[in-house]
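Visitor: I'd like to ask some things about the structure below.
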Amino acid sequence: MRVTNSLIKDQIINFLTANQERLADVQRQISTNKEVAVSSDDPVRFDRASRFKSLLGKNEQYTSNIDDGIAWIVMGAESLDVVYEALQQAKVLALQTRGDAVSSTRAQVVPYVDALIEEMVLMGNSKFMGKYIFGGTITKDTEPFAYDGVSVTYNGNDGSLTRKVGDDTYLEINTTGSEFLNAFGAVIALRDALDADDGAAMDAAIAQIDTVSTQLLNTIARAGSMQRKLELTRDNLEIANVNLQSYISQAEDVDLMEAILQFNAQELGYRAALESSARIMNISILDHLR
Amino acid sequence: MAGLNNLAEIGKQGMLLSQFGIQIAGKNISNINTRGYSRQRLDVSPILPELLSGFSLGSAINGDTLRRIREGFIDHQYWSQSSLESRYSTEESLLRQIEGVLPSSNETGLGPLLDEFWSAWNGLANDPESSVARTIVRDRAQTLAQSFNRVHREFISFQSTASDEINARIGEINNLATQIAELNRVNPGDNLDLEDQRDRLIDRLSELINIDVQRDGDSVLVSTSGLMLVSGRTSYEISASESINDEGIGQITTVISGTSREVNVASGELSALLTVYNDDVPDLLERLDTLAVTLTEQVNALHRSGFNLNGITGLDFFASATEGASSIAVDSTIAANVDLIATSDALGESGNGNIAKALADLADKDVIGNQTAGEYYRALVGTLGNRVQETVFLKNNQKKIVEHLEMQRQSVSGVSMEEEMTHMVQLEQAFTAASRLVSTADELMRTVLQLI
């Protein structure tokens with residue numbers, strides 16, 4: 001092949017440009033730490049990374065749903081604990097004044113029992129972040145429990161509140177007021193029996209308190225298991241998230257070690273090309289003619 | 001009959017010949033870096049004996065024997081391959097611009113905005129009473145809608161820029177055709193530099209549009225996809241006609257001016273612009289429209305079935321007039337009052353978030369064919385990414401081919417300093433020898449004269 005000056009020049013330019021392009025590309029990968037930054041870099045890996053990111057985003061939302069749900073359950077369980085304590089105190093007061101010998105003290109404990117009822121109502125109407133915990137889906141404006149001094153009525157509904165914890169999974173987080181409405185009835189029955197100084201009615205009320213206490217314990221246990229389910233789901237999500245992070249990284253991050261080695265190789269090539277170009281450009285027949 | 005006078009004459013002719021040769025070498029050397037210059041050679045033929053007595057030796061330096069060193073076959077190859085190369089490289093740069101318009105990056109694109117939109121509904125499902133959660137839903141929906149609007153707007157403005165480019169290219173093609181026809185008229189054949197100039201114009205023309213070139217004596221015929229652009233001294237113009245539909249999406253067809261003959265542009269920069277303008281952008285816009293319309297319909301259907309804080313049902317969430325990505329927007333009454341966002345599937349239950357929940361679940365429902373909205377969008381981005389990658393691949397291959405042809409051209413037609421300098425030294429020596437011939441003739445003549 002006949003070699004001419006402009007051919008050499010063009011070739012030098014082509015080689016150097018190609019070298020520079022490759023260097024710039026590896027350099028971009030190293031400095032951004034991303035091998036795949038836009039879809040056209042590698043459509044398959046880009047798509048994989050964006051799917052994983054979308055999943056990760058969803059999982060993070062689920063995790064925050066779970067945290068929110070757990071806070072709600074814990075708040076509810078604490079209120080229920082107080083209600084249970086009140087039941088036990090009412091029972092103690094009843095047992096202390098049950099004997100015929102102490103029947104004269106019955107009237108004295110009525111105000112205590114009244115106070116317990118009010119405390120229970122207060123707990124039943126407790127709020128979390130401005131919302132009634134035990135009203136079902138009626139969470140605003142209407143208090144779940146209304147006490148008129150004679151009886152307690154439930155104004156909420158049986159609607160369940162749930163939190164999304166997976167693509168098709170919702171977990172329940174609430175206990176509705178109707179599940180422990182009878183606790184109020186039992187203590188009010190006791191108060192009325194004490195007021196009437198009626199030993200037989202007191203016996204019936206104590207038995208009733210025992211029954212509702214057991215029921216309430218079951219309700220509290222159910223809340224505990226709801227919480228446990230949420231926590232397990234959260235643990236699973238956290239493990240999944242760690243995996244997702246590493247998948248995302250595999251899909252779009254650059255292998256630094258490899259990239260740096262490549263960079264060094266390219267740099268060497270570029271230097272060699274520059275060096276040889278400089279040498280060849282300096283050779284001319286003119287230097288050798290008189 | 002050979003005489004002494006003739007000897008001096010031969011010496012003179014030799015000197016003139018060498019001088020002319022040195023001039024040509026000088027011209028070649030000074031054009032060593034001129035793109036499209038073909039080196040020139042003076043062909044010297046031996047002088048026949050009978051001519052020595054009767055005719056001038058000057059015919060040896062006649063223009064007929066000065067010629068360009070050029071390979072027509074390589075030129076034809078070059079013209080068809082460079083058309084393809086410039087098509088792919090233009091296509092690549094246009095598609096990369098589109099990729100930039102369509103925010104395809106994983107952090108800021110429509111994809112993440114969609115995810116955030118669904119996640120806002122999820123937040124509202126947790127907290128249907130909260131006006132903060134409602135505001136978040138509205139704001140994210142607005143951001144999403146505006147992002148659709150923006151992408152649509154930018155595509156349309158991209159199209160209008162492309163349309164300007166198309167017209168500029170067509171102007172250049174017509175201009176080149178006129179110049180080639182003009183050179184056909186003035187050249188024919190006796191001016192090597194004008195021939196180079198014409199080939200340079202054809203080079204540029206081949207980058208713009210696919211052409212076939214035929215030599216017809218001293219002039220060239222240029223045609224594209226079977227339609228004549230330059231024939232002898234006549235050139236034919238191309239013109240573009242643009243039609244824009246209701247949604248602002250344009251289509252461009254190219255015809256030979258004054259006729260209805262449509263030009264099927266197959267390669268060159270013009271074809272890249274036309275392909276992106278006529279096919280790629282409308283296709284992407286159509287897909288974005290499908291996404292926007294589906295989103296509006298699906299969200300509205302659920303939203304209408306729900307109750308808001310004011311106990312009203314049957315309201316649309318997105319403006320029902322949505323025709324596509326250009327017009328998607330949050331319904332103005334909802335935008336003005338977030339309490340109107342429906343969350344409950346029963347009247348009067350402020351804590352009931354079942355509708356918000358169902359809306360959040362839409363994220364995973366196959367709403368377009370068997371794809372979710374997010375998958376549909378990712379597929380759209382993936383298609384574009386594939387298209388860019390494929391074009392880059394084709395461009396790189398084509399670039400190698402064109403570089404190779406360019407090298408071959410240079411190898412044949414390019415000026416070599418070594419050759420020219422060697423040649424010059426040779427001619428210099430020939431000149432000295434020829435001058436010696438004259439002085440020898442002079443000495444001989446003097447000797448003869450002394451005889452008298």
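Every chain in the structure tokens takes a letter, A first, then B, and so on in the order presented; its residues are numbered from 1, and the ligands are numbered from 1 following the presented order.
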What's the 10 Å shell around Lys127 (chain A), counting only C-alpha atoms, without same-chain residues fewer than 2 positions away, as a PyMOL selection string?

Guide: chain A and resi 72+75-76+79+122-125+129-135+139-140+143

Visitor: Tell me the residues of chain B close to chain A, meaning within 8 Å using only C-alpha atoms, as a PyMOL selection string.

Guide: chain B and resi 32-33+104-106+112+115+119+122-123+126+129+348-352+361+364+378-379+381-389+407+410-412+414-418+421

Visitor: Since we have the selection now, will you write its residues out, keeping N, CA and C atoms, as a compact mmCIF listing (two decimals), in the first residue's frame?

Guide:
```txt
# COMPACT_ATOMS: atom_id res chain seq x y z
N ILE B 32 -0.55 19.36 0.09
CA ILE B 32 -0.39 18.10 0.79
C ILE B 32 -1.48 17.89 1.84
N ASN B 33 -1.99 18.99 2.39
CA ASN B 33 -3.03 18.86 3.42
C ASN B 33 -4.41 19.26 2.93
N SER B 104 -34.92 9.22 31.41
CA SER B 104 -34.87 7.77 31.55
C SER B 104 -33.95 7.38 32.70
N SER B 105 -33.32 8.38 33.30
CA SER B 105 -32.40 8.01 34.36
C SER B 105 -33.22 7.45 35.52
N ASN B 106 -32.59 6.61 36.30
CA ASN B 106 -33.32 5.91 37.35
C ASN B 106 -33.72 6.82 38.51
N PRO B 112 -39.75 6.73 38.47
CA PRO B 112 -39.74 7.02 39.90
C PRO B 112 -40.91 7.92 40.32
N ASP B 115 -43.84 5.71 40.80
CA ASP B 115 -43.69 4.99 42.07
C ASP B 115 -44.10 5.88 43.24
N SER B 119 -47.07 5.45 45.99
CA SER B 119 -46.69 5.42 47.39
C SER B 119 -47.45 6.50 48.19
N ASN B 122 -50.68 5.09 49.11
CA ASN B 122 -50.48 4.18 50.22
C ASN B 122 -50.44 4.95 51.54
N GLY B 123 -49.70 6.07 51.54
CA GLY B 123 -49.63 6.91 52.73
C GLY B 123 -51.00 7.42 53.13
N ASN B 126 -53.08 4.85 54.85
CA ASN B 126 -52.74 4.72 56.26
C ASN B 126 -53.41 5.80 57.09
N GLU B 129 -57.56 10.49 57.25
CA GLU B 129 -58.09 11.72 57.85
C GLU B 129 -57.13 12.88 57.67
N GLY B 348 -69.30 8.51 55.42
CA GLY B 348 -69.19 8.91 56.81
C GLY B 348 -68.15 8.17 57.63
N GLU B 349 -67.26 7.40 57.01
CA GLU B 349 -66.22 6.73 57.78
C GLU B 349 -64.88 7.40 57.50
N SER B 350 -64.53 8.34 58.36
CA SER B 350 -63.33 9.13 58.07
C SER B 350 -62.07 8.29 58.11
N GLY B 351 -62.10 7.19 58.87
CA GLY B 351 -60.90 6.38 58.99
C GLY B 351 -60.81 5.28 57.94
N ASN B 352 -61.81 5.22 57.06
CA ASN B 352 -61.86 4.16 56.05
C ASN B 352 -61.03 4.58 54.85
N ASP B 361 -53.00 -0.03 45.23
CA ASP B 361 -52.85 -1.37 44.64
C ASP B 361 -52.77 -1.34 43.12
N ASP B 364 -49.70 -2.37 41.06
CA ASP B 364 -49.33 -3.74 40.67
C ASP B 364 -50.37 -4.41 39.79
N ARG B 378 -41.21 1.37 31.73
CA ARG B 378 -39.84 0.83 31.66
C ARG B 378 -39.59 0.18 30.30
N ALA B 379 -40.64 -0.47 29.76
CA ALA B 379 -40.48 -1.10 28.44
C ALA B 379 -40.22 -0.02 27.39
N VAL B 381 -38.78 2.91 27.85
CA VAL B 381 -37.39 3.37 28.00
C VAL B 381 -36.43 2.32 27.44
N GLY B 382 -36.75 1.04 27.71
CA GLY B 382 -35.89 -0.04 27.23
C GLY B 382 -35.85 -0.09 25.71
N THR B 383 -37.00 0.10 25.06
CA THR B 383 -37.04 0.09 23.60
C THR B 383 -36.13 1.17 23.05
N LEU B 384 -36.23 2.35 23.63
CA LEU B 384 -35.40 3.46 23.16
C LEU B 384 -33.92 3.15 23.38
N GLY B 385 -33.62 2.60 24.57
CA GLY B 385 -32.23 2.26 24.87
C GLY B 385 -31.67 1.26 23.87
N ASN B 386 -32.49 0.25 23.55
CA ASN B 386 -32.08 -0.74 22.55
C ASN B 386 -31.81 -0.10 21.21
N ARG B 387 -32.70 0.81 20.85
CA ARG B 387 -32.60 1.47 19.55
C ARG B 387 -31.29 2.25 19.48
N VAL B 388 -30.96 2.97 20.56
CA VAL B 388 -29.71 3.74 20.58
C VAL B 388 -28.53 2.79 20.45
N GLN B 389 -28.57 1.73 21.26
CA GLN B 389 -27.44 0.79 21.26
C GLN B 389 -27.21 0.18 19.88
N MET B 407 -8.83 5.81 3.70
CA MET B 407 -7.41 5.45 3.66
C MET B 407 -7.01 5.04 2.25
N GLN B 410 -6.78 8.01 0.11
CA GLN B 410 -5.55 8.74 0.42
C GLN B 410 -4.35 8.03 -0.18
N SER B 411 -4.42 6.71 -0.10
CA SER B 411 -3.30 5.92 -0.58
C SER B 411 -3.12 6.12 -2.09
N VAL B 412 -4.23 6.24 -2.80
CA VAL B 412 -4.15 6.42 -4.25
C VAL B 412 -3.88 7.88 -4.62
N GLY B 414 -3.54 10.69 -2.45
CA GLY B 414 -2.87 11.62 -1.55
C GLY B 414 -1.46 11.94 -1.99
N VAL B 415 -0.97 13.07 -1.53
CA VAL B 415 0.37 13.51 -1.90
C VAL B 415 1.37 12.93 -0.90
N SER B 416 2.46 12.37 -1.42
CA SER B 416 3.50 11.89 -0.53
C SER B 416 4.71 12.80 -0.66
N MET B 417 5.11 13.35 0.46
CA MET B 417 6.23 14.28 0.48
C MET B 417 7.49 13.60 -0.08
N GLU B 418 7.69 12.35 0.31
CA GLU B 418 8.88 11.63 -0.12
C GLU B 418 8.93 11.53 -1.65
N MET B 421 9.47 15.02 -3.32
CA MET B 421 10.82 15.55 -3.15
C MET B 421 11.82 14.77 -4.02
```

Visitor: Looking at only C-alpha atoms, which of B:Leu315, B:Ile166, B:Ile69, B:Leu291 is the one that sits closest to Gln251 (chain B)?

Guide: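 Smallest distance to Gln251 (chain B) is found for B:Ile166.
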
Visitor: Rounded to one decimal place, report the CA of Gly171 (chain B)-CA of Tyr78 (chain B) distance in Å.

Guide: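 Computed distance, CA of Gly171 (chain B) to CA of Tyr78 (chain B), equals 22.9 Å.
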
Visitor: Write out as a list in words each polymer residue whose atoms come within 9 Å of region 196-199 of chain B, counting only C-alpha atoms; drop sequence neighbours fewer than 6 positions from it.

Guide: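 Here the qualifying residues turn out to be Gly36, Tyr37, Ser38, Arg68, Asp75, Gln179, Ile180, Leu183 and Asn184 of chain B.
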
Visitor: Write the residues you've just listed into a file as a tab-separated table (two decimals), in the first residue's frame, and include C-alpha atoms for each of them.

Guide:
```tsv
chain	number	residue	atom	x	y	z
B	36	GLY	CA	-10.14	16.16	-1.62
B	37	TYR	CA	-7.03	17.15	-3.62
B	38	SER	CA	-5.84	14.47	-6.01
B	68	ARG	CA	-5.37	13.34	-11.65
B	75	ASP	CA	-15.15	7.01	-5.02
B	179	GLN	CA	-23.17	23.81	-7.93
B	180	ILE	CA	-22.52	20.37	-9.40
B	183	LEU	CA	-19.37	22.61	-12.68
B	184	ASN	CA	-20.72	20.19	-15.30
```
